[in-house]
$ cat my_file_35.cif   # mmCIF, C-alpha atoms
data_run
loop_
_atom_site.label_atom_id
_atom_site.label_comp_id
_atom_site.auth_asym_id
_atom_site.auth_seq_id
_atom_site.Cartn_x
_atom_site.Cartn_y
_atom_site.Cartn_z
CA MET A 1 -19.97 2.91 2.43
CA THR A 2 -19.00 5.22 -0.34
CA LEU A 3 -15.56 5.46 -1.88
CA GLY A 4 -15.24 8.91 -0.33
CA SER A 5 -15.59 7.66 3.22
CA ARG A 6 -13.12 4.82 2.61
CA PHE A 7 -10.74 7.42 1.21
CA TRP A 8 -11.08 9.52 4.38
CA HIS A 9 -10.54 6.48 6.57
CA LEU A 10 -7.24 5.82 4.82
CA ILE A 11 -6.10 9.45 5.24
CA HIS A 12 -7.19 9.35 8.87
CA ARG A 13 -5.26 6.15 9.50
CA ASP A 14 -2.09 7.49 7.88
CA LEU A 15 -2.31 10.73 9.86
CA ARG A 16 -2.80 8.75 13.04
CA LEU A 17 0.23 6.59 12.23
CA ALA A 18 2.30 9.70 11.53
CA MET A 19 1.18 11.40 14.76
CA ARG A 20 2.08 8.38 16.86
CA GLN A 21 5.36 7.64 15.15
CA GLY A 22 6.16 11.31 15.08
CA SER A 23 9.57 11.42 13.49
CA ASP A 24 8.76 11.90 9.79
CA ALA A 25 7.23 15.37 10.04
CA ALA A 26 9.94 16.64 12.36
CA VAL A 27 12.74 15.25 10.18
CA ALA A 28 11.45 16.90 7.00
CA VAL A 29 11.02 20.35 8.53
CA MET A 30 14.31 20.18 10.47
CA PHE A 31 16.13 19.22 7.29
CA PHE A 32 14.48 22.11 5.49
CA VAL A 33 15.52 24.62 8.15
CA LEU A 34 19.09 23.33 8.46
CA CYS A 35 19.54 23.22 4.71
CA VAL A 36 18.54 26.90 4.38
CA VAL A 37 20.57 27.98 7.41
CA LEU A 38 23.74 26.50 5.87
CA PHE A 39 23.74 28.96 2.97
CA PRO A 40 24.66 32.14 4.92
CA PHE A 41 27.59 30.19 6.34
CA GLY A 42 28.76 29.16 2.91
CA ILE A 43 28.08 32.38 1.01
CA GLY A 44 28.85 34.84 3.77
CA PRO A 45 26.55 37.23 5.61
CA GLU A 46 26.24 39.73 2.75
CA ALA A 47 22.59 40.79 3.16
CA ASN A 48 22.04 41.84 -0.46
CA ILE A 49 23.32 38.59 -1.95
CA LEU A 50 21.22 36.54 0.47
CA ALA A 51 18.12 38.57 -0.31
CA ARG A 52 18.71 38.07 -4.03
CA ILE A 53 19.00 34.26 -3.82
CA ALA A 54 16.56 33.65 -0.92
CA ALA A 55 13.69 32.45 -3.13
CA GLY A 56 15.85 29.92 -4.94
CA ILE A 57 17.44 28.63 -1.74
CA ILE A 58 14.14 28.12 0.02
CA TRP A 59 12.66 26.37 -2.99
CA VAL A 60 15.59 24.04 -3.51
CA ALA A 61 15.61 23.21 0.20
CA ALA A 62 11.85 22.50 0.11
CA LEU A 63 12.38 20.24 -2.87
CA LEU A 64 15.10 18.25 -1.11
CA ALA A 65 13.07 18.03 2.10
CA SER A 66 10.11 16.67 0.15
CA LEU A 67 12.36 14.10 -1.52
CA LEU A 68 13.88 13.02 1.78
CA SER A 69 10.58 11.96 3.31
CA LEU A 70 9.00 10.52 0.16
CA GLU A 71 11.15 7.43 0.14
CA ARG A 72 9.10 6.02 3.02
CA LEU A 73 5.71 6.81 1.45
CA PHE A 74 4.84 3.21 0.53
CA GLN A 75 7.78 1.38 2.06
CA SER A 76 6.41 0.39 5.46
CA ASP A 77 3.02 -0.67 4.08
CA TYR A 78 4.80 -2.69 1.41
CA GLU A 79 7.07 -4.43 3.89
CA ASP A 80 4.38 -5.43 6.38
CA GLY A 81 1.87 -6.60 3.79
CA SER A 82 -0.66 -3.78 4.33
CA LEU A 83 -0.20 -2.57 0.78
CA GLU A 84 -1.39 -5.81 -0.80
CA LEU A 85 -4.42 -5.81 1.49
CA MET A 86 -5.15 -2.26 0.33
CA ALA A 87 -4.79 -3.40 -3.27
CA LEU A 88 -7.41 -6.09 -2.54
CA SER A 89 -9.80 -3.71 -0.82
CA GLY A 90 -12.58 -2.14 -2.82
CA LEU A 91 -10.72 1.17 -2.96
CA PRO A 92 -9.00 1.61 -6.35
CA LEU A 93 -5.22 1.69 -6.01
CA GLU A 94 -5.15 5.15 -7.60
CA LEU A 95 -7.25 6.49 -4.72
CA VAL A 96 -5.06 4.63 -2.21
CA VAL A 97 -2.06 6.48 -3.68
CA LEU A 98 -3.91 9.80 -3.60
CA ALA A 99 -4.99 9.31 0.03
CA LYS A 100 -1.53 8.29 1.17
CA THR A 101 0.06 11.21 -0.67
CA ALA A 102 -2.46 13.64 0.80
CA ALA A 103 -1.77 12.42 4.33
CA HIS A 104 1.94 12.56 3.64
CA TRP A 105 1.68 16.13 2.41
CA VAL A 106 -0.28 17.25 5.47
CA VAL A 107 2.40 15.75 7.70
CA THR A 108 5.53 16.84 5.85
CA GLY A 109 4.48 19.63 3.45
CA VAL A 110 2.37 21.87 5.66
CA PRO A 111 5.15 22.38 8.26
CA LEU A 112 7.34 23.67 5.42
CA LEU A 113 4.74 26.36 4.65
CA VAL A 114 4.91 27.47 8.27
CA ALA A 115 8.70 27.45 8.44
CA ALA A 116 9.27 29.20 5.09
CA PRO A 117 8.42 32.82 6.10
CA VAL A 118 10.68 32.53 9.16
CA LEU A 119 13.54 31.41 6.93
CA ALA A 120 12.74 34.22 4.50
CA VAL A 121 13.28 36.71 7.34
CA LEU A 122 16.55 34.99 8.12
CA LEU A 123 17.70 35.44 4.52
CA ASN A 124 16.66 39.08 4.45
CA MET A 125 14.02 38.58 1.78
CA GLU A 126 11.83 41.63 1.22
CA HIS A 127 8.42 41.47 2.89
CA SER A 128 6.62 41.97 -0.39
CA GLY A 129 7.60 38.42 -1.42
CA PHE A 130 6.36 36.57 1.68
CA GLY A 131 2.78 36.06 0.55
CA THR A 132 3.88 34.74 -2.82
CA LEU A 133 6.46 32.49 -1.17
CA VAL A 134 3.85 30.75 0.96
CA LEU A 135 1.41 30.60 -1.94
CA THR A 136 3.96 29.02 -4.32
CA LEU A 137 4.89 26.46 -1.69
CA ALA A 138 1.22 25.71 -1.02
CA LEU A 139 0.69 25.03 -4.73
CA GLY A 140 4.06 23.45 -5.42
CA THR A 141 4.70 21.05 -2.55
CA PRO A 142 1.56 18.91 -3.21
CA ALA A 143 2.73 18.58 -6.82
CA LEU A 144 6.18 17.57 -5.55
CA SER A 145 4.63 14.93 -3.28
CA LEU A 146 2.52 13.56 -6.13
CA ILE A 147 5.43 13.38 -8.58
CA GLY A 148 7.72 11.95 -5.91
CA GLY A 149 5.15 9.26 -5.19
CA ILE A 150 5.79 7.82 -8.66
CA GLY A 151 9.47 7.45 -7.81
CA ALA A 152 8.67 5.96 -4.42
CA ALA A 153 6.36 3.41 -6.05
CA LEU A 154 8.84 2.54 -8.80
CA THR A 155 11.68 1.87 -6.40
CA LEU A 156 9.69 -0.27 -3.94
CA GLY A 157 11.65 -3.34 -3.08
CA ALA A 158 14.83 -2.01 -4.69
CA ARG A 159 18.02 -1.86 -2.67
CA ARG A 160 19.20 1.70 -1.96
CA GLY A 161 15.80 2.88 -3.14
CA GLY A 162 16.33 6.37 -1.70
CA VAL A 163 19.21 7.25 -4.02
CA LEU A 164 17.31 5.87 -6.97
CA VAL A 165 14.25 7.99 -6.13
CA SER A 166 16.42 11.13 -6.18
CA LEU A 167 17.88 10.31 -9.57
CA LEU A 168 14.48 9.49 -11.05
CA ILE A 169 12.51 12.33 -9.56
CA LEU A 170 14.76 15.39 -9.25
CA PRO A 171 14.70 16.10 -13.01
CA LEU A 172 10.91 15.99 -12.90
CA TYR A 173 10.89 18.56 -10.11
CA ILE A 174 12.55 21.19 -12.31
CA PRO A 175 9.38 22.76 -13.80
CA VAL A 176 7.87 23.21 -10.33
CA LEU A 177 11.13 24.77 -9.13
CA ILE A 178 11.36 27.18 -12.07
CA PHE A 179 7.85 28.54 -11.69
CA GLY A 180 7.90 28.49 -7.89
CA ALA A 181 11.07 30.52 -7.61
CA GLY A 182 10.07 32.60 -10.65
CA ALA A 183 6.81 33.74 -9.05
CA ILE A 184 8.65 34.99 -5.96
CA ASP A 185 11.25 36.80 -8.07
CA ALA A 186 8.49 38.46 -10.04
CA ALA A 187 6.76 39.59 -6.86
CA LEU A 188 10.04 40.96 -5.47
CA THR A 189 10.80 42.96 -8.61
CA GLY A 190 7.32 44.45 -8.64
CA LEU A 191 5.98 42.36 -11.53
CA SER A 192 2.83 40.29 -11.33
CA PRO A 193 3.51 36.72 -10.13
CA ARG A 194 0.19 35.68 -11.63
CA PRO A 195 1.44 33.90 -14.80
CA HIS A 196 3.88 31.82 -12.75
CA LEU A 197 1.21 31.00 -10.21
CA LEU A 198 -1.19 29.95 -12.95
CA ILE A 199 1.39 27.58 -14.42
CA LEU A 200 2.12 26.18 -10.95
CA THR A 201 -1.59 25.59 -10.49
CA ALA A 202 -1.73 23.92 -13.89
CA LEU A 203 1.14 21.62 -12.88
CA LEU A 204 -0.73 20.69 -9.71
CA VAL A 205 -3.99 20.11 -11.57
CA ALA A 206 -2.21 17.92 -14.11
CA THR A 207 -0.31 15.83 -11.55
CA LEU A 208 -3.39 15.36 -9.38
CA PRO A 209 -4.93 12.68 -11.63
CA LEU A 210 -1.87 11.61 -13.65
CA ALA A 211 0.64 10.91 -10.88
CA PRO A 212 -1.66 8.54 -8.93
CA ILE A 213 -2.37 6.60 -12.13
CA ALA A 214 1.37 6.17 -12.78
CA SER A 215 2.11 5.36 -9.14
CA ALA A 216 -0.70 2.79 -8.98
CA ALA A 217 0.64 1.07 -12.09
CA ALA A 218 4.10 0.94 -10.50
CA LEU A 219 2.64 -0.44 -7.26
CA ARG A 220 0.81 -3.21 -9.11
CA GLN A 221 4.11 -4.17 -10.64
CA ALA A 222 5.82 -4.12 -7.25
CA LEU A 223 3.12 -6.35 -5.72
CA GLU A 224 3.54 -9.11 -8.31
CA MET B 1 -19.21 -30.47 -12.20
CA ASP B 2 -22.17 -28.31 -13.11
CA ASP B 3 -22.52 -26.49 -9.83
CA ALA B 4 -18.88 -25.43 -9.70
CA LEU B 5 -18.54 -21.74 -8.89
CA PHE B 6 -14.83 -21.16 -8.85
CA THR B 7 -12.73 -23.02 -11.38
CA ALA B 8 -9.30 -22.99 -12.92
CA SER B 9 -8.44 -24.43 -16.26
CA ASN B 10 -5.03 -25.18 -17.62
CA LEU B 11 -3.46 -22.69 -15.21
CA SER B 12 0.29 -22.08 -15.40
CA CYS B 13 2.38 -19.78 -13.30
CA LEU B 14 5.74 -18.29 -14.21
CA ARG B 15 7.89 -16.65 -11.55
CA GLY B 16 11.04 -15.03 -12.79
CA GLU B 17 12.12 -17.46 -15.48
CA ARG B 18 10.89 -20.57 -13.73
CA LEU B 19 7.64 -22.32 -14.52
CA VAL B 20 6.32 -23.03 -11.02
CA PHE B 21 3.36 -25.16 -12.02
CA ALA B 22 1.60 -25.89 -15.28
CA LYS B 23 -1.74 -27.21 -16.52
CA LEU B 24 -3.41 -27.01 -13.15
CA ASN B 25 -7.17 -27.49 -12.88
CA PHE B 26 -9.65 -27.42 -10.05
CA ALA B 27 -13.35 -26.82 -9.55
CA LEU B 28 -14.95 -25.65 -6.34
CA ALA B 29 -18.65 -25.51 -5.56
CA ALA B 30 -20.34 -23.58 -2.75
CA GLY B 31 -19.24 -24.97 0.61
CA ASP B 32 -16.18 -26.69 -0.82
CA ALA B 33 -12.67 -26.45 0.50
CA LEU B 34 -9.39 -26.91 -1.30
CA LEU B 35 -6.25 -27.82 0.57
CA LEU B 36 -3.00 -26.97 -1.18
CA VAL B 37 -0.11 -29.22 -0.24
CA GLY B 38 3.35 -29.56 -1.62
CA PRO B 39 6.98 -28.92 -0.73
CA ASN B 40 8.42 -25.41 -0.36
CA GLY B 41 8.54 -23.59 -3.65
CA SER B 42 5.92 -25.77 -5.31
CA GLY B 43 3.72 -22.71 -5.85
CA LYS B 44 1.16 -22.78 -3.04
CA SER B 45 1.52 -19.08 -2.28
CA SER B 46 1.72 -18.22 -5.98
CA LEU B 47 -1.53 -20.06 -6.64
CA LEU B 48 -3.25 -18.21 -3.79
CA ARG B 49 -1.92 -14.89 -5.11
CA LEU B 50 -3.20 -15.81 -8.57
CA MET B 51 -6.61 -16.47 -7.05
CA ALA B 52 -6.49 -13.06 -5.33
CA LEU B 53 -5.54 -11.40 -8.64
CA LEU B 54 -2.28 -10.20 -7.13
CA LEU B 55 -0.47 -12.20 -9.82
CA ARG B 56 -1.33 -12.75 -13.44
CA PRO B 57 -1.34 -16.29 -14.81
CA PHE B 58 1.26 -17.14 -17.45
CA CYS B 59 -1.42 -19.01 -19.32
CA GLY B 60 -4.79 -20.53 -18.56
CA GLY B 61 -7.46 -18.80 -16.55
CA LEU B 62 -9.49 -18.64 -13.37
CA TYR B 63 -13.25 -18.49 -13.67
CA TRP B 64 -16.14 -17.52 -11.43
CA GLN B 65 -19.40 -19.03 -12.66
CA GLY B 66 -17.74 -19.57 -16.00
CA GLU B 67 -16.64 -15.97 -16.37
CA LEU B 68 -12.97 -15.00 -16.40
CA LEU B 69 -11.99 -13.24 -13.16
CA THR B 70 -10.12 -10.56 -15.04
CA GLU B 71 -13.38 -9.54 -16.73
CA ASP B 72 -14.56 -7.99 -13.49
CA PRO B 73 -11.66 -7.82 -11.00
CA ASP B 74 -13.50 -5.48 -8.60
CA ALA B 75 -16.36 -7.94 -8.15
CA HIS B 76 -13.87 -10.69 -7.43
CA ARG B 77 -11.94 -8.59 -4.91
CA SER B 78 -15.14 -7.81 -3.07
CA ARG B 79 -15.97 -11.50 -2.60
CA LEU B 80 -12.58 -12.65 -1.37
CA ARG B 81 -10.55 -12.37 1.83
CA TYR B 82 -6.87 -13.02 1.53
CA ILE B 83 -4.60 -13.90 4.44
CA GLY B 84 -1.00 -13.85 3.29
CA HIS B 85 2.30 -14.50 5.00
CA LEU B 86 2.53 -10.94 6.25
CA ASP B 87 0.08 -9.79 8.88
CA GLY B 88 0.07 -6.08 8.10
CA ILE B 89 0.06 -5.09 11.76
CA LYS B 90 1.21 -1.56 12.59
CA PRO B 91 3.16 -1.26 15.86
CA VAL B 92 1.37 1.92 16.92
CA LEU B 93 -2.25 0.99 16.12
CA THR B 94 -4.34 -0.91 18.66
CA CYS B 95 -6.05 -4.14 17.64
CA HIS B 96 -9.41 -2.42 17.51
CA GLU B 97 -8.12 0.50 15.42
CA ALA B 98 -6.43 -1.85 12.99
CA LEU B 99 -9.53 -3.98 12.46
CA THR B 100 -11.78 -0.93 12.24
CA PHE B 101 -9.56 0.42 9.49
CA TRP B 102 -9.68 -2.78 7.46
CA ALA B 103 -13.44 -3.00 7.88
CA ALA B 104 -13.84 0.60 6.75
CA LEU B 105 -11.54 0.11 3.77
CA ASP B 106 -13.64 -2.82 2.59
CA GLY B 107 -16.70 -0.63 2.85
CA THR B 108 -18.34 -2.49 5.73
CA PRO B 109 -21.08 -0.44 7.39
CA GLY B 110 -20.46 0.29 11.08
CA PRO B 111 -16.78 -0.63 11.03
CA ALA B 112 -16.10 0.05 14.73
CA THR B 113 -18.82 -2.27 16.02
CA ARG B 114 -17.97 -4.91 13.42
CA ALA B 115 -14.37 -4.80 14.57
CA ALA B 116 -15.37 -5.20 18.22
CA THR B 117 -17.54 -8.21 17.35
CA ALA B 118 -14.80 -9.79 15.27
CA LEU B 119 -12.29 -9.30 18.09
CA SER B 120 -14.49 -11.04 20.61
CA ARG B 121 -15.31 -13.87 18.19
CA ALA B 122 -11.59 -14.35 17.61
CA GLY B 123 -10.99 -14.45 21.35
CA LEU B 124 -8.98 -11.25 21.21
CA ALA B 125 -11.34 -9.07 23.24
CA PRO B 126 -8.80 -8.63 26.09
CA LEU B 127 -6.34 -7.19 23.57
CA THR B 128 -8.75 -4.58 22.16
CA ASP B 129 -6.68 -1.57 23.22
CA VAL B 130 -3.25 -3.17 23.00
CA PRO B 131 -0.98 -1.65 20.32
CA GLY B 132 0.44 -3.96 17.68
CA ARG B 133 4.00 -3.76 18.97
CA TYR B 134 3.08 -5.68 22.15
CA LEU B 135 1.50 -8.61 20.28
CA SER B 136 3.24 -11.96 19.95
CA ALA B 137 3.61 -13.56 16.52
CA GLY B 138 0.64 -15.83 17.19
CA GLN B 139 -1.51 -12.94 18.38
CA LYS B 140 -0.64 -10.95 15.24
CA ARG B 141 -1.70 -13.95 13.19
CA ARG B 142 -4.99 -14.18 15.07
CA LEU B 143 -5.61 -10.47 14.60
CA ASN B 144 -5.01 -10.87 10.87
CA LEU B 145 -7.35 -13.89 10.79
CA ALA B 146 -9.99 -11.83 12.60
CA ARG B 147 -10.35 -9.83 9.37
CA LEU B 148 -12.19 -12.89 8.02
CA LEU B 149 -14.94 -12.32 10.58
CA LEU B 150 -15.53 -8.64 9.76
CA ALA B 151 -18.00 -9.19 6.97
CA PRO B 152 -19.19 -12.18 4.97
CA ALA B 153 -17.16 -12.98 1.85
CA ARG B 154 -17.65 -15.98 -0.42
CA LEU B 155 -14.04 -17.00 -0.85
CA TRP B 156 -11.36 -17.24 1.82
CA LEU B 157 -7.79 -17.57 0.60
CA LEU B 158 -5.51 -18.59 3.45
CA ASP B 159 -1.76 -18.90 3.08
CA GLU B 160 -0.54 -21.14 5.90
CA PRO B 161 -3.10 -19.74 8.33
CA THR B 162 -2.01 -21.98 11.21
CA ASN B 163 1.53 -20.60 11.33
CA GLY B 164 2.25 -19.51 14.89
CA LEU B 165 -1.19 -20.51 16.19
CA ASP B 166 -1.57 -22.55 19.39
CA ALA B 167 -3.93 -25.54 19.64
CA THR B 168 -6.88 -23.49 20.93
CA ALA B 169 -6.53 -20.88 18.22
CA THR B 170 -6.26 -23.58 15.55
CA GLN B 171 -9.51 -25.15 16.82
CA ARG B 172 -11.14 -21.74 16.77
CA LEU B 173 -10.01 -21.26 13.17
CA GLU B 174 -11.30 -24.71 12.20
CA ALA B 175 -14.67 -23.88 13.75
CA ALA B 176 -14.78 -20.58 11.84
CA LEU B 177 -13.91 -22.42 8.60
CA ALA B 178 -16.66 -25.00 9.18
CA ASP B 179 -19.17 -22.25 9.93
CA HIS B 180 -18.10 -20.35 6.80
CA ARG B 181 -18.56 -23.46 4.64
CA ASP B 182 -21.96 -24.22 6.17
CA ARG B 183 -23.09 -20.86 4.87
CA GLY B 184 -21.93 -21.75 1.39
CA GLY B 185 -18.53 -20.10 1.58
CA MET B 186 -15.43 -21.54 -0.02
CA VAL B 187 -11.99 -22.00 1.47
CA VAL B 188 -8.66 -22.43 -0.24
CA ALA B 189 -5.85 -22.99 2.23
CA SER B 190 -2.24 -23.97 2.05
CA THR B 191 -0.74 -25.62 5.07
CA HIS B 192 2.15 -27.66 6.39
CA THR B 193 0.50 -28.46 9.70
CA PRO B 194 -2.65 -30.55 10.14
CA LEU B 195 -5.76 -28.47 9.57
CA ALA B 196 -9.15 -30.13 9.86
CA LEU B 197 -11.16 -29.38 6.72
CA PRO B 198 -13.65 -32.25 6.47
CA GLY B 199 -14.39 -33.26 2.91
CA ALA B 200 -11.80 -30.94 1.43
CA GLN B 201 -10.28 -31.63 -1.96
CA THR B 202 -6.53 -31.88 -1.83
CA LEU B 203 -4.34 -30.43 -4.55
CA HIS B 204 -0.78 -31.76 -4.61
CA LEU B 205 1.07 -28.96 -6.31
CA ASP B 206 4.19 -31.04 -6.94
CA ASP B 207 2.05 -33.10 -9.38
CA PHE B 208 1.93 -30.03 -11.59
CA THR B 209 5.61 -29.13 -11.47
CA PRO B 210 6.76 -29.27 -15.06
CA GLN B 211 9.22 -32.05 -15.79
CA ILE B 212 12.29 -30.73 -17.48
CA HIS B 213 13.36 -32.89 -20.36
CA ASP B 214 17.08 -33.23 -20.45
CA PRO B 215 18.05 -34.63 -23.84
CA GLY B 216 21.49 -35.58 -22.49
CA ALA B 217 20.09 -37.78 -19.75
CA VAL B 218 19.99 -41.53 -20.28
CA SER B 219 16.73 -42.91 -18.97
#
$ encode --input "my_file_35.cif" --output "C-alpha cells"
Amino acid sequence: MTLGSRFWHLIHRDLRLAMRQGSDAAVAVMFFVLCVVLFPFGIGPEANILARIAAGIIWVAALLASLLSLERLFQSDYEDGSLELMALSGLPLELVVLAKTAAHWVVTGVPLLVAAPVLAVLLNMEHSGFGTLVLTLALGTPALSLIGGIGAALTLGARRGGVLVSLLILPLYIPVLIFGAGAIDAALTGLSPRPHLLILTALLVATLPLAPIASAAALRQALE
Amino acid sequence: MDDALFTASNLSCLRGERLVFAKLNFALAAGDALLLVGPNGSGKSSLLRLMALLLRPFCGGLYWQGELLTEDPDAHRSRLRYIGHLDGIKPVLTCHEALTFWAALDGTPGPATRAATALSRAGLAPLTDVPGRYLSAGQKRRLNLARLLLAPARLWLLDEPTNGLDATATQRLEAALADHRDRGGMVVASTHTPLALPGAQTLHLDDFTPQIHDPGAVS
C-alpha cells in the first residue's frame, strides 16, 4: 500500500474516534460561540462599537478555541502507547503529524467556519465582510492547528501541559491574527483584502511542511 | 557466529543520568530467540526500545547483517513488530477496527481480511465487534499480540508479553512464537513469568549493570 493510503487510513481512524467520542468538536465550537457572546455584555450593546471590533473579536475567539482543543492532539495516543506504534509503522512521523492535524482541523476548525457568520450577524458586522471572514478563517485555522501541533508535541508528558502550550504558541499565532483580522477590516472599509489573504495563504503554505517537521522532532524526543 | 543476522556490540544505555547497562553483546541468527531476564530496572524494556529504534544507544551499536541499524531505520522498522507495556487500545474502536487500522498503517494489503484472520488465529473471533472499553486487561493484551499475526515480520520484540494472559493464551502465544521461529523469524522477549522458548539464549541484564567504584569503600 502506498503512503497516501496509509495517510488516509490514519485520518479516517482519527475522524472515527472523534465522531464516537464526540465531545472535542462540540467543546471547541461552544467555547468559540460563548467567548464571542461575552463581548457585548462587557462592552455594552452599542452597535457601532461592536461592528468596528467584530473582526478582531471573532479572530481572537477562534484562536483561543483552536488552542483549547489542541492540547489533546497527541495526548491520548501518547498515553495509551498508540503513538509509539505509529512511530514504528512505515508512515514517516511527519506524515503522522500531518494526518492527525488534518483530522483535528476537520473536527474542530470546520465548525468554527460555520459558526463565524452567525456570530458576525450577532456583532452587527456589515455583510460585505462575511465572505472575507469565512475565507480568512478557512486559510488561517489550518495554520493555527499546524503551529499549535508543535506546542502540543513539545509539551507531551509535561504536567500542566495545557498552560504551557498557550505560553509557547500564542505568540506564534500573532501573524495569523494580524493578517486574518486585517483582511476583514480591509474588506469592510472597501479596500482589497487580497494582499492580506495572500500573506495568510503564504503562512499556511509555509507551515504545511515546516510545522510537521518540527512537531515530529518534538514527538521523537517525547518518545525516548 | 557467521550466520548471525541481528547483533549488538558493546551496547550501553543511559537513562536520565544513570547508566542502565554497559558493554552488552549478543548475536542472533535466523530462528533464534533471546530471553531477557533481570530484576526491575535492569534495562529489559530499555534494551527492547533500543532494538526498536525508539531509544538511541549511549554508545555501541546494533547491527543487522553487519550494517548499523541507524543507517537504514525505515528498513529496520518494516521488519520488526514491537509489543510494549501499553496496548494502544482505543475504548471506542472495535477489535476488528483496531487491528484493521494497524494493518493498514503498516502497509499490509487487504487490511480488513488480514485483521479478521489474525483475530481468529488469536482466538478473539467472538470479540470482533466488541469495542475496546469492554475488554479485560488480558483481552487487551491478546488483541495487542494479535498484531504479530497481521503480516510476517522477521523480528518480534516482546516486552513482558505474558502479562495478564491466562494459561491457554500463554500456550497460544508459545505456539505462535514456535511457528514464527520455524519460519526463520527471531524473537526477543523479556519476561518474569515462565515462557517456553526452546533453545533460547538467555541474557541476564544484571550482569551488565555497571559496578560503581566507591573509592571510600573498604573492600
$ resolve_selection --input "my_file_35.cif" --expression "the PyMOL selection byres ((chain B and resi 171-180) around 12)" --output "MDAnalysis selection string"
chainID B and resid 30:34 118 120:124 141:149 151:158 160:163 165:170 181:189 194:200
$ atom_distance --input "my_file_35.cif" --atom1 "CA of Thr117 (chain B)" --atom2 "CA of His85 (chain B)"
24.2 Å
$ resolve_selection --input "my_file_35.cif" --expression "the PyMOL selection byres ((chain A) within 10 of (chain B))" --output "PyMOL selection string"
chain A and resi 1-3+5-10+12-13+16-21+76-92+96+220-221+223-224
$ atom_distance --input "my_file_35.cif" --atom1 "CA of Gly60 (chain B)" --atom2 "CA of Ser12 (chain B)"
6.2 Å
$ resolve_selection --input "my_file_35.cif" --expression "the PyMOL selection byres ((chain A and resi 199-202) around 12)" --output "PyMOL selection string"
chain A and resi 132+135-144+173-183+193-198+203-209
$ atom_distance --input "my_file_35.cif" --atom1 "CA of Ala62 (chain A)" --atom2 "CA of Leu112 (chain A)"
7.1 Å
$ closest_residue --input "my_file_35.cif" --among "B:Ala29, B:Leu36, B:Leu11, B:Leu5" --to "His204 (chain B)" --atoms "all atoms listed in the file"
B:Leu36
